[in-house]
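*Asks:* Data: entry-v8.txt, compact mmCIF, C-alpha atoms.
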```
# COMPACT_ATOMS: atom_id res chain seq x y z
CA MET A 1 -25.47 13.79 9.32
CA LYS A 2 -28.67 12.83 11.16
CA PRO A 3 -28.26 10.17 13.88
CA LEU A 4 -30.43 7.62 12.05
CA ALA A 5 -28.52 8.10 8.81
CA ARG A 6 -25.21 7.81 10.65
CA LEU A 7 -26.22 4.42 12.02
CA LYS A 8 -26.36 3.10 8.47
CA THR A 9 -22.72 4.02 7.80
CA ALA A 10 -19.51 2.19 8.71
CA GLU A 11 -19.00 4.81 11.42
CA GLY A 12 -22.31 3.84 12.98
CA GLY A 13 -21.58 0.15 12.53
CA TRP A 14 -18.25 0.44 14.32
CA ALA A 15 -19.77 2.56 17.12
CA ILE A 16 -22.24 -0.21 17.87
CA GLY A 17 -19.89 -3.09 17.04
CA ARG A 18 -17.27 -1.82 19.49
CA LEU A 19 -19.77 -2.32 22.32
CA PHE A 20 -19.61 -6.09 22.04
CA VAL A 21 -17.39 -7.50 19.22
CA PRO A 22 -13.98 -6.81 20.88
CA ARG A 23 -15.30 -8.09 24.23
CA ILE A 24 -16.48 -11.32 22.63
CA ALA A 25 -13.18 -11.61 20.76
CA VAL A 26 -11.04 -11.44 23.92
CA LEU A 27 -13.36 -13.85 25.72
CA LEU A 28 -12.81 -16.34 22.92
CA ALA A 29 -9.12 -15.47 22.54
CA PRO A 30 -7.47 -13.93 25.63
CA ALA A 31 -5.37 -11.27 23.95
CA ALA A 32 -3.53 -7.98 24.27
CA GLY A 33 -2.45 -5.30 21.85
CA TYR A 34 1.01 -3.73 21.84
CA GLY A 35 2.30 -0.51 20.29
CA VAL A 36 -1.16 0.96 19.74
CA GLU A 37 0.32 4.43 20.25
CA ARG A 38 2.12 4.03 16.91
CA ILE A 39 -1.10 4.10 14.91
CA PRO A 40 -1.60 7.53 13.27
CA LEU A 41 -4.77 9.11 14.63
CA GLU A 42 -5.61 10.85 11.37
CA GLY A 43 -4.91 10.60 7.67
CA GLY A 44 -5.13 7.74 5.22
CA GLY A 45 -3.10 4.57 5.51
CA VAL A 46 -2.96 0.85 4.83
CA VAL A 47 -2.97 -1.56 7.77
CA ALA A 48 -0.91 -4.54 6.56
CA ALA A 49 -1.04 -7.71 8.65
CA ASN A 50 -0.30 -11.42 8.51
CA HIS A 51 -3.20 -13.87 8.64
CA PHE A 52 -3.69 -17.10 10.58
CA SER A 53 -7.22 -17.26 11.90
CA GLY A 54 -10.82 -16.10 11.72
CA ILE A 55 -10.26 -14.17 14.95
CA ASP A 56 -7.70 -11.88 13.26
CA HIS A 57 -10.10 -9.16 12.04
CA PRO A 58 -11.93 -8.77 15.38
CA LEU A 59 -8.63 -8.56 17.25
CA ILE A 60 -7.02 -6.07 14.86
CA GLY A 61 -10.13 -3.89 14.97
CA GLY A 62 -10.50 -4.27 18.73
CA PHE A 63 -6.96 -3.05 19.38
CA CYS A 64 -7.13 -0.09 17.00
CA PRO A 65 -8.52 3.33 17.99
CA ARG A 66 -9.75 4.00 14.44
CA ILE A 67 -12.16 2.48 11.96
CA ILE A 68 -10.51 0.06 9.54
CA TYR A 69 -12.11 -0.72 6.18
CA PHE A 70 -11.09 -4.33 5.66
CA LEU A 71 -10.83 -6.12 2.35
CA ALA A 72 -12.31 -9.63 2.48
CA LYS A 73 -12.77 -12.39 -0.05
CA ALA A 74 -15.83 -11.76 -2.22
CA GLU A 75 -17.29 -15.19 -1.36
CA LEU A 76 -17.63 -14.14 2.28
CA MET A 77 -19.59 -11.04 1.35
CA ALA A 78 -22.08 -13.23 -0.52
CA VAL A 79 -23.03 -15.21 2.60
CA PRO A 80 -26.56 -14.24 3.74
CA VAL A 81 -26.69 -12.10 6.90
CA VAL A 82 -22.89 -12.35 7.38
CA GLY A 83 -22.18 -10.34 4.24
CA ALA A 84 -24.69 -7.67 5.20
CA ALA A 85 -23.25 -7.38 8.71
CA LEU A 86 -19.71 -7.09 7.38
CA GLY A 87 -20.80 -4.49 4.84
CA TRP A 88 -22.30 -2.45 7.67
CA LEU A 89 -18.84 -2.46 9.28
CA GLY A 90 -17.25 -1.12 6.10
CA VAL A 91 -15.85 -4.45 4.89
CA PHE A 92 -15.82 -4.80 1.11
CA GLY A 93 -15.12 -7.78 -1.09
CA VAL A 94 -12.26 -8.49 -3.46
CA ARG A 95 -12.21 -11.21 -6.11
CA ARG A 96 -8.94 -13.00 -5.46
CA GLY A 97 -6.74 -13.87 -8.41
CA GLU A 98 -8.69 -11.67 -10.83
CA GLY A 99 -7.05 -8.26 -10.47
CA ASP A 100 -10.26 -6.81 -9.03
CA ARG A 101 -10.09 -3.21 -10.24
CA ASP A 102 -13.35 -2.20 -8.54
CA ALA A 103 -12.03 -3.29 -5.14
CA LEU A 104 -8.70 -1.56 -5.78
CA ARG A 105 -10.50 1.63 -6.81
CA ARG A 106 -12.63 1.53 -3.66
CA ALA A 107 -9.58 0.97 -1.45
CA ARG A 108 -7.69 3.84 -3.06
CA GLU A 109 -10.65 6.18 -2.61
CA LEU A 110 -10.88 5.30 1.08
CA ALA A 111 -7.17 5.84 1.66
CA ARG A 112 -7.24 9.08 -0.34
CA ASP A 113 -10.11 10.35 1.81
CA GLY A 114 -8.15 9.84 5.02
CA ASN A 115 -9.29 6.36 6.08
CA LEU A 116 -7.45 3.21 7.09
CA VAL A 117 -7.73 0.24 4.74
CA GLY A 118 -6.96 -3.20 6.18
CA VAL A 119 -5.30 -5.95 4.12
CA HIS A 120 -3.70 -9.33 4.78
CA LEU A 121 -0.65 -9.29 2.56
CA GLU A 122 -0.40 -13.06 2.16
CA GLY A 123 -3.85 -13.06 0.56
CA THR A 124 -5.11 -16.06 2.54
CA ARG A 125 -4.74 -17.78 5.90
CA GLN A 126 -1.43 -19.49 6.57
CA ARG A 127 -1.48 -23.11 7.72
CA PHE A 128 2.08 -23.71 8.92
CA GLY A 129 2.49 -21.33 11.86
CA HIS A 130 4.67 -18.78 10.10
CA PRO A 131 3.76 -15.73 7.98
CA GLY A 132 3.71 -16.64 4.30
CA VAL A 133 4.97 -14.92 1.16
CA MET A 134 3.81 -11.32 1.11
CA GLN A 135 1.98 -10.19 -2.00
CA PRO A 136 2.31 -6.58 -3.22
CA GLY A 137 -1.36 -5.99 -4.08
CA GLY A 138 -2.35 -4.26 -0.85
CA LEU A 139 0.82 -2.17 -0.83
CA MET A 140 -0.01 -0.77 -4.26
CA ILE A 141 -2.84 1.12 -2.56
CA ALA A 142 -0.42 2.90 -0.24
CA MET A 143 2.14 3.59 -2.93
CA GLN A 144 -0.34 4.92 -5.45
CA GLU A 145 -2.03 7.20 -2.92
CA GLY A 146 1.12 8.28 -1.09
CA VAL A 147 -0.08 7.11 2.34
CA PRO A 148 1.88 5.16 4.96
CA VAL A 149 1.69 1.44 5.66
CA ILE A 150 0.97 0.56 9.28
CA PRO A 151 2.44 -2.93 9.81
CA CYS A 152 0.78 -5.34 12.23
CA GLY A 153 2.00 -8.73 13.42
CA LEU A 154 -0.39 -11.28 14.92
CA ASP A 155 0.14 -14.47 16.85
CA THR A 156 -3.16 -16.33 16.50
CA PHE A 157 -1.98 -19.57 14.92
CA GLY A 158 -3.88 -22.61 16.15
CA TRP A 159 -6.65 -20.58 17.73
CA SER A 160 -10.17 -21.95 17.46
CA PRO A 161 -13.31 -21.80 19.62
CA LEU A 162 -12.14 -25.14 21.04
CA ASN A 163 -8.54 -23.96 21.54
CA ARG A 164 -8.90 -20.58 23.22
CA ARG A 165 -5.18 -19.89 23.47
CA LYS A 166 -3.57 -16.54 24.29
CA CYS A 167 -3.08 -14.29 21.26
CA ALA A 168 -1.27 -11.00 20.65
CA VAL A 169 -1.39 -8.09 18.21
CA VAL A 170 1.73 -5.94 17.80
CA TRP A 171 1.73 -2.67 15.86
CA GLY A 172 4.80 -1.22 14.18
CA GLU A 173 5.80 2.30 13.20
CA PRO A 174 4.16 3.68 10.03
CA MET A 175 6.29 2.98 6.96
CA ARG A 176 6.63 5.29 3.97
CA LEU A 177 7.32 3.75 0.58
CA ASP A 178 7.71 7.01 -1.36
CA ASP A 179 11.29 6.17 -2.36
CA LEU A 180 10.20 3.12 -4.38
CA PRO A 181 9.14 3.28 -8.04
CA ARG A 182 5.52 2.53 -8.86
CA ASN A 183 6.23 -0.44 -11.05
CA ARG A 184 6.59 -4.20 -10.68
CA LYS A 185 10.10 -3.95 -9.25
CA GLY A 186 9.08 -1.27 -6.76
CA TYR A 187 6.01 -3.22 -5.61
CA ALA A 188 8.14 -6.33 -5.09
CA GLN A 189 10.64 -4.32 -3.04
CA ALA A 190 7.78 -2.92 -0.98
CA ALA A 191 6.48 -6.43 -0.25
CA GLU A 192 9.96 -7.51 0.85
CA ARG A 193 10.46 -4.46 3.07
CA VAL A 194 7.05 -4.51 4.74
CA GLY A 195 7.05 -8.30 4.93
CA ALA A 196 10.29 -8.29 6.93
CA GLU A 197 8.77 -5.86 9.43
CA ILE A 198 5.59 -7.92 9.77
CA VAL A 199 7.67 -11.02 10.50
CA ARG A 200 9.61 -9.08 13.16
CA LEU A 201 6.33 -7.94 14.77
CA TRP A 202 4.91 -11.45 14.55
CA ARG A 203 7.91 -12.80 16.45
CA LEU A 204 7.31 -10.22 19.17
CA ALA A 205 3.66 -11.29 19.27
CA VAL A 206 4.72 -14.93 19.69
CA GLU A 207 7.00 -13.91 22.56
CA ALA A 208 4.17 -11.94 24.16
CA SER A 209 1.75 -14.86 24.01
CA ALA A 210 4.35 -17.29 25.37
CA ALA A 211 5.19 -14.91 28.24
CA GLY A 212 1.55 -14.56 29.29
CA LEU A 213 0.98 -11.11 27.74
CA PRO A 214 3.44 -8.99 29.78
CA PRO A 215 2.98 -5.23 30.35
CA ALA A 216 5.67 -4.38 27.75
CA LEU A 217 7.78 -6.05 25.06
CA PRO A 218 11.57 -5.93 24.57
CA ASP A 219 11.24 -3.23 21.89
CA GLY A 220 9.31 -0.95 24.28
CA SER A 221 5.83 -1.70 22.95
CA ARG A 222 3.33 -1.19 25.76
CA ARG A 223 0.32 -3.41 26.35
CA SER A 224 -3.17 -2.02 25.84
CA GLY A 225 -6.68 -3.30 26.27
CA ILE A 226 -9.53 -3.38 23.80
CA ASN A 227 -11.04 -0.23 22.31
CA PRO A 228 -8.03 2.04 23.01
CA LYS A 229 -8.93 5.71 23.01
CA PRO A 230 -7.58 8.00 20.27
```
Written as structure tokens, that's how I'd like the structure from this file.

*Replies:*
Amino acid sequence: MKPLARLKTAEGGWAIGRLFVPRIAVLLAPAAGYGVERIPLEGGGVVAANHFSGIDHPLIGGFCPRIIYFLAKAELMAVPVVGAALGWLGVFGVRRGEGDRDALRRARELARDGNLVGVHLEGTRQRFGHPGVMQPGGLMIAMQEGVPVIPCGLDTFGWSPLNRRKCAVVWGEPMRLDDLPRNRKGYAQAAERVGAEIVRLWRLAVEASAAGLPPALPDGSRRSGINPKP
């Protein structure tokens, strides 16, 4: 691919975005990533995370060595300038509550082609300081395409530009869901299984933030800075 054409792709968008977005994110939210070495460096997968704040996407992306194609609410993609910028970074919209088949098809294609797709399993930001009920929609992508789920727990609750508190991102081991049936019962079991792991990682993230972002966590997760190398 010619250099100019590459710049118009998500790969080009991330290459340029990594120069400043993660740096701005950690200036606004002093943060660290943990367990980055657990992220598979190749192959398709679904990054499944909890959701508290608008800083979540920049921090997840900033502490991941790979491009993540995030799903975002369709309304956000319709915002002038913002939507175009997000699209350049590979973000694509999903119509919440409508069973958006086009978005699901796009996500499955990306995972099938060896990319990481990013989803917030609760479906929306949580307002009470604890991860909410996990929905199975994002996990269907992994189960239908036979790719692993990479769980991610974030402690960003209460963050805002006026409350620049310490935050943490903790990655878990990839999870296979091949043993579960691809039906309503299986998807519900997947949400319960992955949700429990995200809550465990979130608790570690809370501990990390409270402890001032130590070099390592009790489970052995090591701290990393932004833009970790593959």

*Asks:* I'd like the contact shell of stretch 156-167 of chain A - 9 Å cut-off, only C-alpha atoms, skipping same-chain residues fewer than 2 positions apart - returned as a PyMOL selection string.

*Replies:* chain A and resi 26-32+51-56+59+126-130+154+169+205-206+208-210+212-213

*Asks:* When you look at stretch 7-22 of chain A with a cut-off of 7 Å (counting all atoms listed in the file), what residues show up, excluding the ones that are within fewer than 4 positions of it in the same chain? I need them as number ranges by chain.

*Replies:* A: 3, 26, 58-59, 62, 67, 88-90, 226

*Asks:* What's the separation between atom CA of A:Asp155 and atom CA of A:Pro218, in Å to one decimal place?

*Replies:*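 Separation of atom CA of A:Asp155 and atom CA of A:Pro218: 16.2 Å.
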
*Asks:* Taking all atoms listed in the file into account, name the residue in A:Gly172, A:Gly123, A:Pro214, A:Gly118 that is nearest to A:Arg95.

*Replies:*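 Ranked by minimum distance to A:Arg95, first place goes to A:Gly123.
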
*Asks:* So that I can check the surroundings of A:Tyr69, please list as a VMD selection string every protein, DNA and RNA residue that reaches within 12 Å of it, counting all atoms listed in the file and ignoring chain neighbours fewer than 6 positions away.

*Replies:* chain A and resid 9 to 11 13 to 14 44 to 48 57 60 to 61 86 to 93 103 106 to 111 114 to 119

*Asks:* Give me the residues within 8 Å of A:Glu173 as a VMD selection string, counting all atoms listed in the file and dropping any in the same chain fewer than 4 places off.

*Replies:* chain A and resid 38 to 39 150 to 151

*Asks:* Looking at A:Cys152, A:Met140, A:Ala84, A:Leu71, which one is nearest to A:Leu201, with distances taken over all atoms listed in the file?

*Replies:*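 Once distances to A:Leu201 are computed over all atoms listed in the file, the minimum belongs to A:Cys152.
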
*Asks:* Work out how far apart atom CA of A:Asn50 and atom CA of A:Thr124 are and give it in Å to one decimal.

*Replies:*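 Those two atoms sit 9.0 Å apart.
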
*Asks:* Using only C-alpha atoms, which of A:Pro148, A:Gly43, A:Pro228, A:Pro136 sits nearest A:Arg184?

*Replies:*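 With only C-alpha atoms as the atom set, the closest residue is A:Pro136.
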
*Asks:* Tell me which of A:Gly132, A:Leu41, A:Phe63, A:Gly138 sits closest to A:Trp171, counting all atoms listed in the file.

*Replies:*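 When distances to A:Trp171 are compared using all atoms listed in the file, the smallest one comes from A:Phe63.
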
*Asks:* May I have the residues within 10 Å of A:Gly220 as a list in words, using all atoms listed in the file and disregarding those fewer than 4 positions away in the same chain?

*Replies:*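 In the requested format, the answer is Tyr34, Gly35, Pro215 and Ala216 of chain A.
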
*Asks:* Missing atoms in stretch 109-128 of chain A: can you complete it with N, CA, C and O atoms, as a PDB file, in the frame of the given file?

*Replies:*
```pdb
ATOM      1  N   GLU A 109      -9.789   5.054  -2.978  1.00  0.00           N
ATOM      2  CA  GLU A 109     -10.650   6.180  -2.610  1.00  0.00           C
ATOM      3  C   GLU A 109     -10.700   6.349  -1.095  1.00  0.00           C
ATOM      4  O   GLU A 109     -10.628   7.471  -0.574  1.00  0.00           O
ATOM      5  N   LEU A 110     -10.831   5.237  -0.381  1.00  0.00           N
ATOM      6  CA  LEU A 110     -10.880   5.300   1.080  1.00  0.00           C
ATOM      7  C   LEU A 110      -9.584   5.858   1.652  1.00  0.00           C
ATOM      8  O   LEU A 110      -9.603   6.727   2.529  1.00  0.00           O
ATOM      9  N   ALA A 111      -8.459   5.351   1.169  1.00  0.00           N
ATOM     10  CA  ALA A 111      -7.170   5.840   1.660  1.00  0.00           C
ATOM     11  C   ALA A 111      -6.975   7.316   1.318  1.00  0.00           C
ATOM     12  O   ALA A 111      -6.487   8.102   2.132  1.00  0.00           O
ATOM     13  N   ARG A 112      -7.371   7.690   0.112  1.00  0.00           N
ATOM     14  CA  ARG A 112      -7.240   9.080  -0.340  1.00  0.00           C
ATOM     15  C   ARG A 112      -8.066  10.018   0.523  1.00  0.00           C
ATOM     16  O   ARG A 112      -7.677  11.167   0.768  1.00  0.00           O
ATOM     17  N   ASP A 113      -9.207   9.525   1.009  1.00  0.00           N
ATOM     18  CA  ASP A 113     -10.110  10.350   1.810  1.00  0.00           C
ATOM     19  C   ASP A 113      -9.761  10.348   3.290  1.00  0.00           C
ATOM     20  O   ASP A 113     -10.535  10.848   4.115  1.00  0.00           O
ATOM     21  N   GLY A 114      -8.603   9.766   3.640  1.00  0.00           N
ATOM     22  CA  GLY A 114      -8.150   9.840   5.020  1.00  0.00           C
ATOM     23  C   GLY A 114      -8.530   8.679   5.903  1.00  0.00           C
ATOM     24  O   GLY A 114      -8.475   8.793   7.136  1.00  0.00           O
ATOM     25  N   ASN A 115      -8.890   7.536   5.309  1.00  0.00           N
ATOM     26  CA  ASN A 115      -9.290   6.360   6.080  1.00  0.00           C
ATOM     27  C   ASN A 115      -8.183   5.305   6.109  1.00  0.00           C
ATOM     28  O   ASN A 115      -7.255   5.345   5.304  1.00  0.00           O
ATOM     29  N   LEU A 116      -8.341   4.358   7.029  1.00  0.00           N
ATOM     30  CA  LEU A 116      -7.450   3.210   7.090  1.00  0.00           C
ATOM     31  C   LEU A 116      -8.069   2.035   6.362  1.00  0.00           C
ATOM     32  O   LEU A 116      -9.234   1.687   6.601  1.00  0.00           O
ATOM     33  N   VAL A 117      -7.304   1.419   5.478  1.00  0.00           N
ATOM     34  CA  VAL A 117      -7.730   0.240   4.740  1.00  0.00           C
ATOM     35  C   VAL A 117      -6.932  -0.949   5.270  1.00  0.00           C
ATOM     36  O   VAL A 117      -5.707  -0.875   5.381  1.00  0.00           O
ATOM     37  N   GLY A 118      -7.626  -2.036   5.606  1.00  0.00           N
ATOM     38  CA  GLY A 118      -6.960  -3.200   6.180  1.00  0.00           C
ATOM     39  C   GLY A 118      -6.796  -4.329   5.179  1.00  0.00           C
ATOM     40  O   GLY A 118      -7.766  -4.724   4.529  1.00  0.00           O
ATOM     41  N   VAL A 119      -5.574  -4.847   5.056  1.00  0.00           N
ATOM     42  CA  VAL A 119      -5.300  -5.950   4.120  1.00  0.00           C
ATOM     43  C   VAL A 119      -4.423  -6.999   4.800  1.00  0.00           C
ATOM     44  O   VAL A 119      -3.606  -6.686   5.667  1.00  0.00           O
ATOM     45  N   HIS A 120      -4.607  -8.252   4.400  1.00  0.00           N
ATOM     46  CA  HIS A 120      -3.700  -9.330   4.780  1.00  0.00           C
ATOM     47  C   HIS A 120      -2.802  -9.583   3.569  1.00  0.00           C
ATOM     48  O   HIS A 120      -3.273 -10.033   2.514  1.00  0.00           O
ATOM     49  N   LEU A 121      -1.526  -9.289   3.712  1.00  0.00           N
ATOM     50  CA  LEU A 121      -0.650  -9.290   2.560  1.00  0.00           C
ATOM     51  C   LEU A 121      -0.433 -10.665   1.944  1.00  0.00           C
ATOM     52  O   LEU A 121      -0.138 -10.773   0.754  1.00  0.00           O
ATOM     53  N   GLU A 122      -0.587 -11.728   2.735  1.00  0.00           N
ATOM     54  CA  GLU A 122      -0.400 -13.060   2.160  1.00  0.00           C
ATOM     55  C   GLU A 122      -1.550 -13.451   1.232  1.00  0.00           C
ATOM     56  O   GLU A 122      -1.413 -14.339   0.399  1.00  0.00           O
ATOM     57  N   GLY A 123      -2.696 -12.797   1.419  1.00  0.00           N
ATOM     58  CA  GLY A 123      -3.850 -13.060   0.560  1.00  0.00           C
ATOM     59  C   GLY A 123      -4.769 -14.145   1.070  1.00  0.00           C
ATOM     60  O   GLY A 123      -5.925 -14.218   0.655  1.00  0.00           O
ATOM     61  N   THR A 124      -4.297 -14.989   1.992  1.00  0.00           N
ATOM     62  CA  THR A 124      -5.110 -16.060   2.540  1.00  0.00           C
ATOM     63  C   THR A 124      -4.502 -16.508   3.865  1.00  0.00           C
ATOM     64  O   THR A 124      -3.364 -16.158   4.192  1.00  0.00           O
ATOM     65  N   ARG A 125      -5.250 -17.289   4.636  1.00  0.00           N
ATOM     66  CA  ARG A 125      -4.740 -17.780   5.900  1.00  0.00           C
ATOM     67  C   ARG A 125      -3.547 -18.716   5.688  1.00  0.00           C
ATOM     68  O   ARG A 125      -3.519 -19.489   4.736  1.00  0.00           O
ATOM     69  N   GLN A 126      -2.617 -18.631   6.622  1.00  0.00           N
ATOM     70  CA  GLN A 126      -1.430 -19.490   6.570  1.00  0.00           C
ATOM     71  C   GLN A 126      -1.607 -20.690   7.481  1.00  0.00           C
ATOM     72  O   GLN A 126      -2.119 -20.557   8.591  1.00  0.00           O
ATOM     73  N   ARG A 127      -1.192 -21.852   7.019  1.00  0.00           N
ATOM     74  CA  ARG A 127      -1.480 -23.110   7.720  1.00  0.00           C
ATOM     75  C   ARG A 127      -0.282 -23.721   8.430  1.00  0.00           C
ATOM     76  O   ARG A 127      -0.418 -24.800   9.014  1.00  0.00           O
ATOM     77  N   PHE A 128       0.889 -23.073   8.393  1.00  0.00           N
ATOM     78  CA  PHE A 128       2.080 -23.710   8.920  1.00  0.00           C
ATOM     79  C   PHE A 128       2.725 -22.938  10.080  1.00  0.00           C
ATOM     80  O   PHE A 128       3.875 -23.197  10.435  1.00  0.00           O
TER      81      PHE A 128
END
```
